[in-house]
Amino acid sequence: MKLALAILKKDMEIEFRSKESIISMWIFSLLIFVIFNFTFETSRLLMLQIAPGLLWVSFIFSGMLGLNRAFLLEKENGNLKSMALMPVDSGVIYVGKFLSTTLFMLIFEILILPFFIVFYDIPLSAVMMYLPLILLVGSIGFTSLGTILSAISVHTRDNQILLSLLLWPLITPIIIWVVKITGDVIEGELSSSFFPILIRITLFDIIFLTISYLLFEFVLQD
Amino acid sequence: MNKKVFFKAVIILLGILMLADIYMALVWVPPIKVESLTERIAQRIFYFHVPSAWLGFLAFFFVFLGSIMYLWKKVRKYELLSAASAEIGVLFITIVLITGPIWAKPVWGVWWTWDTRLTSSLVLWLIYVAYIFLRRSLPDGKKRANLSSVVGIIGFFDVPIVYFSIRWWETQHPQAVMANGSGGMSGVMLGTFLFSLFVFTLFFSVLLTLRYKQISLEDKMNKLYKELEQ
């Protein structure tokens, strides 16, 4: 666990020196909001209906920028080889990288959220307090698989496109669930399926965190 | 030598059986009892559609098994089996995704709807296409075997979750006829279906064997090249 936290700390230090990832993710999301506004020029009522989808599309597209970079630096600096040689359980390295990608994702989401609310005039209601929880479990779903697949695709020639090809079909359940319950929160009324879906997302997170933790050893192996 | 002759005989037999299957499914078997003529004609695609779907799933199960076996035993042939199986699986799911809309257009009036089975078949197809892409963009070697096996395992666990996640929309897709007893299928129809399933399974086995052999030869050739270079 100490090692995982050390990796997290290292990644945070690198990021906060340049703030490159988070800023590029943030600008990219802003661009998506602008472009969506023109491609779906529509009434406010309809906009509210597509808003949850729009929010998550922007999270996922921008999140890809962060994920793509997650192992790029490690590979360029030859860290992947040294990680494989470390006399520790490789799963711990996965946990460290997972923590850092998830934390980036959450910081970026918190930074972009106010702009989403202002641009699309999202009504603020009492159930909005569930939104952070949705962001947390949804982002973990995205990064749990995203982290291990990023470590895989970094070895390929066209790593960026390949990461999307691998990750997106696998996270369709997360996208479906998360958009549905974000819609509940935006509408200001929780439907009866809200909590069951929240539990499903959490289960998804647990399943793929465990599988990735167990399989990460083989990703580092030569 | 004997093996070769046997394999050729199987291929010839397969050709004959496939012609017989086409005749049985399209001409010989009586149509289902529904009013509309188009529906009666369209239903015949069922004899090709369903076996392809089953074998597609089976292929992806082989990918999973091969991946696990490779990571466990580190024997190269398991990884090659996964690779061959993924390609054949994608081929069969492609057949499913093509025959489905051909049936749906006259019966449902649309080529495609975002229904559970349709959507999850498409996502399944995308997952294994990505698997093939991954394998092709990695340099040959142990690294490739390790990485693609990991994806082969993750993909397999994901598929049932994808299916489950789309399920809250009511499905339009006809229920699994085999599951609920006779399900309106007469004995002759059931017989034709089983025959078709048998023929498709044979087709699947022949393709898988051929592709596996091809990939193994490719692998051997690459090894020889490397030795020559050194």
# chains A, B, ... in the order shown; residues from 1 in each chain; ligands from 1

call {"tool": "select_by_dssp", "arguments": {"residues": "region 7-167 of chain A", "states": "alpha helix (DSSP H)", "output": "ChimeraX atom specification"}}
result
/A:7-18,20-39,44-70,72-76,79-85,90-119,131-153,159-167

call {"tool": "interface_residues", "arguments": {"of": "chain B", "to": "chain A", "cutoff": "12 Å", "atoms": "only C-alpha atoms", "output": "number ranges by chain"}}
result
B: 67-68, 70-72, 74, 116, 119-169

call {"tool": "write_last_selection", "arguments": {"atoms": "C-alpha atoms", "output": "mmCIF file, in the first residue's frame"}}
result
data_model
loop_
_atom_site.group_PDB
_atom_site.id
_atom_site.type_symbol
_atom_site.label_atom_id
_atom_site.label_comp_id
_atom_site.auth_asym_id
_atom_site.auth_seq_id
_atom_site.Cartn_x
_atom_site.Cartn_y
_atom_site.Cartn_z
ATOM 1 C CA SER B 67 -5.959 -17.105 -22.700
ATOM 2 C CA ILE B 68 -6.206 -18.637 -19.246
ATOM 3 C CA TYR B 70 -1.558 -19.551 -21.849
ATOM 4 C CA LEU B 71 -1.074 -17.418 -18.752
ATOM 5 C CA TRP B 72 -1.038 -20.540 -16.626
ATOM 6 C CA LYS B 74 2.951 -20.400 -20.929
ATOM 7 C CA THR B 116 -30.714 -6.171 -25.820
ATOM 8 C CA THR B 119 -26.827 -4.302 -29.042
ATOM 9 C CA SER B 120 -24.936 -6.861 -27.008
ATOM 10 C CA SER B 121 -24.035 -8.855 -30.128
ATOM 11 C CA LEU B 122 -22.664 -5.686 -31.676
ATOM 12 C CA VAL B 123 -20.684 -4.803 -28.553
ATOM 13 C CA LEU B 124 -19.414 -8.391 -28.387
ATOM 14 C CA TRP B 125 -18.281 -8.081 -31.984
ATOM 15 C CA LEU B 126 -16.507 -4.794 -31.199
ATOM 16 C CA ILE B 127 -14.703 -6.297 -28.191
ATOM 17 C CA TYR B 128 -13.230 -9.143 -30.210
ATOM 18 C CA VAL B 129 -12.421 -6.951 -33.195
ATOM 19 C CA ALA B 130 -10.410 -4.814 -30.755
ATOM 20 C CA TYR B 131 -8.730 -7.996 -29.490
ATOM 21 C CA ILE B 132 -7.672 -8.866 -33.056
ATOM 22 C CA PHE B 133 -6.459 -5.311 -33.664
ATOM 23 C CA LEU B 134 -4.424 -5.415 -30.478
ATOM 24 C CA ARG B 135 -2.769 -8.639 -31.480
ATOM 25 C CA ARG B 136 -1.930 -7.306 -34.904
ATOM 26 C CA SER B 137 -0.374 -4.100 -33.671
ATOM 27 C CA LEU B 138 1.943 -5.809 -31.192
ATOM 28 C CA PRO B 139 5.299 -7.192 -32.232
ATOM 29 C CA ASP B 140 5.368 -10.966 -32.271
ATOM 30 C CA GLY B 141 6.618 -12.522 -29.049
ATOM 31 C CA LYS B 142 5.890 -13.315 -25.436
ATOM 32 C CA LYS B 143 4.780 -9.766 -24.718
ATOM 33 C CA ARG B 144 2.050 -10.029 -27.342
ATOM 34 C CA ALA B 145 0.904 -13.366 -25.974
ATOM 35 C CA ASN B 146 0.697 -11.996 -22.437
ATOM 36 C CA LEU B 147 -1.111 -8.799 -23.331
ATOM 37 C CA SER B 148 -3.661 -10.350 -25.667
ATOM 38 C CA SER B 149 -4.398 -13.103 -23.147
ATOM 39 C CA VAL B 150 -5.176 -10.485 -20.504
ATOM 40 C CA VAL B 151 -7.615 -8.788 -22.886
ATOM 41 C CA GLY B 152 -9.096 -12.183 -23.815
ATOM 42 C CA ILE B 153 -9.925 -12.789 -20.159
ATOM 43 C CA ILE B 154 -11.262 -9.299 -19.395
ATOM 44 C CA GLY B 155 -13.431 -9.394 -22.530
ATOM 45 C CA PHE B 156 -15.036 -12.652 -21.535
ATOM 46 C CA PHE B 157 -16.037 -11.375 -18.092
ATOM 47 C CA ASP B 158 -17.411 -8.209 -19.590
ATOM 48 C CA VAL B 159 -19.775 -9.819 -22.103
ATOM 49 C CA PRO B 160 -22.458 -11.059 -19.669
ATOM 50 C CA ILE B 161 -22.376 -7.694 -17.878
ATOM 51 C CA VAL B 162 -22.954 -5.885 -21.166
ATOM 52 C CA TYR B 163 -25.941 -8.126 -21.859
ATOM 53 C CA PHE B 164 -27.336 -7.581 -18.379
ATOM 54 C CA SER B 165 -26.837 -3.811 -18.516
ATOM 55 C CA ILE B 166 -28.928 -3.372 -21.656
ATOM 56 C CA ARG B 167 -31.708 -5.610 -20.402
ATOM 57 C CA TRP B 168 -34.057 -3.066 -18.916
ATOM 58 C CA TRP B 169 -35.386 -2.211 -22.345
#

call {"tool": "atom_distance", "arguments": {"atom1": "CA of Ala51 (chain A)", "atom2": "CA of Met105 (chain A)"}}
result
19.2 Å

call {"tool": "residues_around", "arguments": {"residues": "region 102-112 of chain B", "least_positions_apart": "5", "cutoff": "9 Å", "atoms": "only C-alpha atoms", "output": "PyMOL selection string"}}
result
chain B and resi 38-39+42-46+118+172
